[in-house]
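Trainee: Just passing along the structure, written as structure tokens.
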Amino acid sequence: MISFGFLRDYLRKTIFSSMGRQVFIYLGFFLLVTFIISSNFMGTQVDLKPGQISPRNIRSPRTAIITDEARTKELQEKAAQQVRKVYREDREAQAKAEQDVNDFLAQVNQIRQNEGLTRTEKINQLQVLVSGIIDTYSLEGYQASELATYLTDASEDDMASVKEGTLITLNHLMSQPITEEALPTITGQVKERAKMLSYLPQARSVVEVMTVKALRPNLIYDAAATEDAIEEAVKQVLPVQRTIQQGQMIIREGDPVTQEHIDILKQLGVQRSASLGVTLGGVAMFVGIVFMLSIAYLRLYHRDILKQGRLMMLLGLVFVLIVAIAKGIMVLQIGDRPEINALVGYLIPVSAGSMLVAILINPQVAYLFTIVAAVFVGMLSQGTPVPFVANAFVSGAVGVLWVSRLNQTGDLARSGLYIAGVNILTILAMSMLYTGMTGTMLLTGIFFGILNGFLSAILTIGLLPYLETVFSVTSMVKLLELSNPNQELLRRLLVEAPGTYHHSIMVGNLAESAAERIGAHPLLVRVGAYYHDIGKLKRPYFFVENQVGSDNPHEKIAPSLSALIITSHIKDGVELAREKRLPPKIIEFIEQHHGDSLVRYFYCRALEEDREGNVNQETFRYEGPKPQSKEVALVMLADSVEAAVRSLQDPTPGRIEGMVRRIIKERLNDGQLEECDLTFRDLNIIAESFSKVLTGIYHSRIEYPETLAQEIEGRKGEDESSGN
């Protein structure tokens with residue numbers, strides 16, 4: 001019982017932990033993608049057997065050149081049969097044949113010269129010897145007893161003549177090529193050749209028998225060389241090929257399936273070559289490899305994204321959505337023309353997913369998304385996959401490139417035009433390289449490509465606000481909307497706190513000028529600067545920039561109360577921002593743009609008023625936190641610098657730069673920049689950028705001489721009186 005409770009608690013902790021949830025989310029996306037890709041193989045492949053009745057009409061999913069395997073095999077067998085056997089010469093055959101003659105005669109002489117045998121016994125033994133040869137070689141027309149009697153009674157000269165005649169006949173016959181197959185034919189020539197000898201019939205018969213016994217092939221069959229020759233002949237046979245057009249009927253419903261049908265379906269990839277389990281395993285393995293490589297890439301180059309579960313969930317959701325849309329488009333049937341239906345892959349809006357990832361997450365991650373999505377589009381396509389993969393990749397890459405430079409919301413709508421344009425070029429290139437489309441098909445493909453561009457833009461614009469809201473992501477589009485001066489909070493600043501509004505615009509311009517140079521997000525910096533002081537809307541007249549032509553209320557209250565009012569604009573701003581549902585990234589600017597810095601003016605006033613030194617410095621500090629990012633730190637520095645330079649009496653370039661660097665140094669020494677990732681090099685670049693911009697704003701005016709000024713005033717009067 002204890003062990004089960006422990007296991008239950010362990011599983012509960014594992015499942016509901018942050019890492020456990022992330023693993024389950026990844027597993028869910030993995031299973032969804034595997035199911036979608038596998039359905040493509042399960043739905044289009046068949047498992048037919050010869051003799052089976054076709055359950056449905058089966059058409060070719062693509063134009064392909066296939067091999068007629070049956071006819072090709074027939075031609076290969078014919079070529080193999082026509083190959084002659086390869087033989088090699090047996091150089092010892094002649095010597096062995098002559099040795100065979102000598103051995104036979106040696107046996108005969110041994111019997112003839114055996115004095116222990118009677119004539120009859122000699123004849124009998126020689127008869128047995130000769131009979132063995134006649135029986136072995138199935139010789140006809142020979143009497144073993146007659147030949148044995150002749151061999152017994154023949155003289156030495158007769159035996160020498162028999163030997164000489166046998167060798168002459170043997171040498172003549174073996175001077176021609178003799179194979180194992182040709183040996184019977186050569187044996188049949190022995191009688192004709194022996195007739196040329198002027199011997200007695202018995203002597204000639206002995207010569208014939210001895211020659212037949214000694215004859216042997218002088219060419220030996222070379223099996224290995226023959227096999228090589230057959231293989232070479234088979235290789236020379238060109239495959240019998242024919243073209244199957246896309247949409248061409250392979251087998252009709254109700255027709256019996258033949259081996260030829262199965263061969264064609266295998267080459268087209270329609271006949272299932274493996275079991276369903278193997279297919280599912282292969283798809284799961286490939287999807288797993290792609291997922292692991294993608295996670296490895298994020299771990300190496302975008303670890304911050306990998307650590308954020310909501311961003312990973314967003315990435316997975318967009319990917320599954322695009323794959324699901326691709327699957328849905330691939331099963332579309334437009335009319336009864338299969339060749340047109342085969343082009344629907346050009347409709348798959350991969351660029352919509354690419355743009356969403358680029359806007360909501362990161363452009364570099366969006367390029368990875370595009371590559372992976374294009375690969376899966378190829379797996380889902382029924383025809384030649386390369387054109388669809390190429391179109392998906394190119395359109396997605398163009399979408400990422402376009403939205404990476406987004407400056408206004410209207411750019412999203414224009415992205416459809418650019419994607420449509422590049423789709424047209426890609427489809428034309430692919431038609432020349434692969435599909436060979438002409439006429440109606442080419443126009444249809446181009447139409448699909450144009451439709452793809454507009455569909456991608458519509459999907460991006462339609463899904464973007466929902467994904468931003470659900471996943472709490474601040475995109476460039478949202479930032480562009482917030483930068484619009486017609487936004488409620490910015491309008492209120494302009495009307496209720498015009499000095500703060502002008503100051504915020506100046507801070508935004510200053511910070512944005514340095515942002516791109518140090519690798520910060522320029523648009524985020526600008527929008528963050530616009531909203532960083534919205535807390536001043538609660539009591540605008542307590543801030544000096546809004547006190548034009550009015551008394552300063554701080555002169556009538558204690559420094560500590562003034563400091564409390566000043567520092568409260570942070571909390572007031574955060575509350576107002578949350579009330580108006582500003583994104584968390586913008587709220588960070590409001591919270592952190594002063595860090596925990598000291599409200600020095602009122603602190604010094606408090607010290608002057610309290611000579612006993614009972615002033616607590618913490619009372620005059622902001623609550624923080626300190627800036628956590630480059631963007632917020634930039635706004636902090638720009639905020640301080642703009643206010644300080646505005647107070648200069650004679651803002652020469654040297655004084656401006658000196659003030660800028662002094663303010664930055666003070667913030668650095670006060671520890672306000674220790675929690676962000678600004679470097680000393682960044683601070684130097686920021687100082688240069690701020691100085692350049694502020695010098696351009698506060699440059700000294702040329703003082704005109706009095707006479708020149710009067711002359712100018714006079715001309716103005718004349719112009720006004722003349723109505724110009």
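In the structure tokens, chains take letters A, B, ... by order of appearance, with residues numbered from 1 within each chain and ligands from 1 in the order shown.
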With a distance cut-off of 10 Å and only C-alpha atoms, select the neighbouring residues of segment 85-89 of chain A, excluding the residue or stretch itself and same-chain residues fewer than 5 positions from it, and output the selection as a compact mmCIF listing (two decimals) with C-alpha atoms, in the first residue's frame.
Mentor:
# COMPACT_ATOMS: atom_id res chain seq x y z
CA PRO A 177 38.74 -27.96 -80.47
CA ILE A 178 36.83 -30.56 -78.45
CA THR A 179 34.37 -29.70 -75.72
CA PRO A 217 38.01 -32.70 -74.41
CA ASN A 218 40.86 -30.27 -74.93
CA LEU A 219 38.60 -27.32 -73.94
CA ILE A 220 37.43 -27.14 -70.29
CA TYR A 221 34.19 -25.31 -69.36
CA ASP A 222 34.88 -22.12 -67.30
CA ALA A 223 31.77 -21.65 -65.12
CA ALA A 224 32.89 -18.40 -63.49
CA ALA A 225 33.79 -16.73 -66.78
CA THR A 226 30.53 -17.91 -68.32
CA GLU A 227 28.55 -16.44 -65.40
CA ASP A 228 30.37 -13.14 -65.82
CA ALA A 229 29.52 -13.13 -69.51
CA ILE A 230 25.87 -13.81 -68.74
Trainee: Go through A:Asp650, A:Glu496, A:Glu208, A:Glu481 one by one, measure the shortest atom-to-atom distance of each to Leu139 of chain A using only C-alpha atoms, and give the residue with the smallest value.
Mentor: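 Once distances to Leu139 of chain A are computed over only C-alpha atoms, the minimum belongs to A:Glu208.
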Trainee: Give me, as a ChimeraX atom specification, the residues of segment 331-474 of chain A that a backbone DSSP run labels helix (DSSP H, G or I).
Mentor: /A:338-341,344-347,350-360,363-380,385-403,410-435,440-471
Trainee: Go ahead and save the picked residues with C-alpha atoms, as a short mmCIF file (atom, residue, chain, number, x, y, z; two decimals), in the first residue's frame.
Mentor:
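Output file selection28.cif follows:
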data_model
loop_
_atom_site.label_atom_id
_atom_site.label_comp_id
_atom_site.auth_asym_id
_atom_site.auth_seq_id
_atom_site.Cartn_x
_atom_site.Cartn_y
_atom_site.Cartn_z
CA PRO A 338 -6.74 14.44 -61.69
CA GLU A 339 -3.91 16.48 -63.24
CA ILE A 340 -5.44 19.66 -61.79
CA ASN A 341 -6.05 18.04 -58.40
CA VAL A 344 -3.29 21.65 -54.97
CA GLY A 345 0.01 21.33 -53.08
CA TYR A 346 0.79 24.85 -54.31
CA LEU A 347 -2.08 26.09 -52.11
CA VAL A 350 3.42 27.42 -45.14
CA SER A 351 4.34 31.10 -45.27
CA ALA A 352 1.44 31.89 -42.90
CA GLY A 353 3.04 29.72 -40.21
CA SER A 354 6.47 31.16 -40.98
CA MET A 355 5.23 34.74 -40.59
CA LEU A 356 3.37 33.94 -37.38
CA VAL A 357 6.48 32.37 -35.84
CA ALA A 358 8.65 35.28 -37.02
CA ILE A 359 6.26 37.86 -35.56
CA LEU A 360 5.41 36.08 -32.32
CA PRO A 363 12.73 35.25 -37.25
CA GLN A 364 15.60 32.76 -36.97
CA VAL A 365 13.31 30.16 -35.43
CA ALA A 366 10.86 30.94 -38.24
CA TYR A 367 13.46 29.90 -40.84
CA LEU A 368 13.87 26.56 -39.03
CA PHE A 369 10.06 26.24 -38.96
CA THR A 370 9.95 26.87 -42.72
CA ILE A 371 12.50 24.18 -43.52
CA VAL A 372 10.81 21.55 -41.36
CA ALA A 373 7.31 22.43 -42.61
CA ALA A 374 8.50 22.23 -46.23
CA VAL A 375 9.88 18.73 -45.64
CA PHE A 376 6.55 17.56 -44.22
CA VAL A 377 4.71 19.14 -47.13
CA GLY A 378 6.80 16.90 -49.38
CA MET A 379 5.79 13.85 -47.32
CA LEU A 380 2.11 14.78 -47.64
CA PRO A 385 7.26 16.28 -54.04
CA VAL A 386 10.17 18.55 -55.03
CA PRO A 387 8.07 21.37 -56.58
CA PHE A 388 5.81 21.59 -53.52
CA VAL A 389 8.76 21.48 -51.10
CA ALA A 390 10.56 24.20 -53.05
CA ASN A 391 7.47 26.41 -53.22
CA ALA A 392 6.76 25.97 -49.50
CA PHE A 393 10.34 26.82 -48.54
CA VAL A 394 10.71 29.85 -50.82
CA SER A 395 7.33 31.38 -49.93
CA GLY A 396 7.95 30.79 -46.22
CA ALA A 397 11.42 32.34 -46.38
CA VAL A 398 10.08 35.41 -48.21
CA GLY A 399 7.33 35.74 -45.59
CA VAL A 400 9.89 35.68 -42.77
CA LEU A 401 12.12 38.19 -44.56
CA TRP A 402 9.21 40.56 -45.14
CA VAL A 403 7.73 40.57 -41.63
CA GLY A 410 -0.40 47.51 -43.56
CA ASP A 411 2.82 45.61 -44.35
CA LEU A 412 1.11 42.36 -43.32
CA ALA A 413 -1.50 42.79 -46.03
CA ARG A 414 1.21 43.59 -48.58
CA SER A 415 3.07 40.42 -47.63
CA GLY A 416 0.46 38.46 -49.60
CA LEU A 417 1.51 40.26 -52.79
CA TYR A 418 5.19 39.45 -52.30
CA ILE A 419 4.49 35.81 -51.48
CA ALA A 420 2.19 35.51 -54.50
CA GLY A 421 4.90 37.00 -56.71
CA VAL A 422 7.63 34.66 -55.56
CA ASN A 423 5.20 31.72 -55.84
CA ILE A 424 4.68 32.53 -59.52
CA LEU A 425 8.44 32.50 -60.15
CA THR A 426 8.95 29.28 -58.21
CA ILE A 427 6.10 27.48 -59.98
CA LEU A 428 7.45 28.56 -63.38
CA ALA A 429 10.91 27.26 -62.44
CA MET A 430 9.53 23.96 -61.15
CA SER A 431 7.40 23.50 -64.26
CA MET A 432 10.52 23.81 -66.41
CA LEU A 433 12.53 21.45 -64.21
CA TYR A 434 10.05 18.75 -63.19
CA THR A 435 6.41 18.84 -64.15
CA THR A 440 -4.11 25.16 -68.59
CA MET A 441 -2.04 23.29 -65.99
CA LEU A 442 0.59 26.03 -65.82
CA LEU A 443 -2.05 28.73 -65.47
CA THR A 444 -3.80 26.67 -62.78
CA GLY A 445 -0.53 26.24 -60.86
CA ILE A 446 0.13 30.00 -61.04
CA PHE A 447 -3.42 30.72 -59.89
CA PHE A 448 -2.91 28.40 -56.91
CA GLY A 449 0.36 30.17 -56.11
CA ILE A 450 -1.31 33.60 -56.15
CA LEU A 451 -4.17 32.29 -54.01
CA ASN A 452 -1.57 30.84 -51.62
CA GLY A 453 -0.06 34.31 -51.10
CA PHE A 454 -3.36 35.96 -50.21
CA LEU A 455 -4.47 32.99 -48.11
CA SER A 456 -1.22 33.21 -46.12
CA ALA A 457 -1.71 36.92 -45.46
CA ILE A 458 -5.35 36.41 -44.43
CA LEU A 459 -4.47 33.55 -42.08
CA THR A 460 -1.65 35.56 -40.50
CA ILE A 461 -3.78 38.66 -39.96
CA GLY A 462 -6.72 36.59 -38.70
CA LEU A 463 -4.80 34.36 -36.27
CA LEU A 464 -2.31 36.90 -34.96
CA PRO A 465 -4.50 38.76 -32.42
CA TYR A 466 -5.90 35.52 -30.96
CA LEU A 467 -2.46 33.92 -30.58
CA GLU A 468 -1.11 37.14 -29.04
CA THR A 469 -3.89 37.17 -26.48
CA VAL A 470 -3.91 33.47 -25.62
CA PHE A 471 -0.13 33.17 -25.26
#
Trainee: List as a ChimeraX atom specification the protein and nucleic acid residues near Ile25 of chain A, meaning an atom at most 9 Å away when only C-alpha atoms are counted, but skip any in the same chain fewer than 3 places from it.
Mentor: /A:20-22,28-30,312-313,316
Trainee: Please dump the current selection as a PDB file, in the first residue's frame; keep N, CA and C atoms.
Mentor:
ATOM      1  N   GLY A  20       7.361  18.155 -16.430  1.00  0.00           N
ATOM      2  CA  GLY A  20       6.426  17.099 -16.807  1.00  0.00           C
ATOM      3  C   GLY A  20       5.394  17.590 -17.795  1.00  0.00           C
ATOM      4  N   ARG A  21       4.853  18.794 -17.544  1.00  0.00           N
ATOM      5  CA  ARG A  21       3.866  19.357 -18.473  1.00  0.00           C
ATOM      6  C   ARG A  21       4.483  19.577 -19.840  1.00  0.00           C
ATOM      7  N   GLN A  22       5.730  20.064 -19.842  1.00  0.00           N
ATOM      8  CA  GLN A  22       6.395  20.322 -21.110  1.00  0.00           C
ATOM      9  C   GLN A  22       6.585  19.024 -21.898  1.00  0.00           C
ATOM     10  N   GLY A  28       2.377  15.207 -27.052  1.00  0.00           N
ATOM     11  CA  GLY A  28       1.108  15.410 -27.744  1.00  0.00           C
ATOM     12  C   GLY A  28       1.303  15.919 -29.157  1.00  0.00           C
ATOM     13  N   PHE A  29       2.175  16.910 -29.336  1.00  0.00           N
ATOM     14  CA  PHE A  29       2.441  17.429 -30.677  1.00  0.00           C
ATOM     15  C   PHE A  29       3.076  16.356 -31.562  1.00  0.00           C
ATOM     16  N   PHE A  30       3.972  15.572 -30.974  1.00  0.00           N
ATOM     17  CA  PHE A  30       4.618  14.493 -31.722  1.00  0.00           C
ATOM     18  C   PHE A  30       3.586  13.487 -32.244  1.00  0.00           C
ATOM     19  N   MET A 312       7.025  27.528 -26.603  1.00  0.00           N
ATOM     20  CA  MET A 312       7.162  26.216 -27.234  1.00  0.00           C
ATOM     21  C   MET A 312       5.791  25.650 -27.598  1.00  0.00           C
ATOM     22  N   MET A 313       4.807  25.885 -26.730  1.00  0.00           N
ATOM     23  CA  MET A 313       3.453  25.433 -27.046  1.00  0.00           C
ATOM     24  C   MET A 313       2.922  26.194 -28.263  1.00  0.00           C
ATOM     25  N   GLY A 316       4.605  24.755 -31.353  1.00  0.00           N
ATOM     26  CA  GLY A 316       4.026  23.461 -31.699  1.00  0.00           C
ATOM     27  C   GLY A 316       2.625  23.592 -32.270  1.00  0.00           C
TER      28      GLY A 316
END
Trainee: For His594 of chain A, which of A:Gln99, A:Thr279, A:Ser138, A:Ser568 is the closest residue, counting only C-alpha atoms?
Mentor: A:Ser568
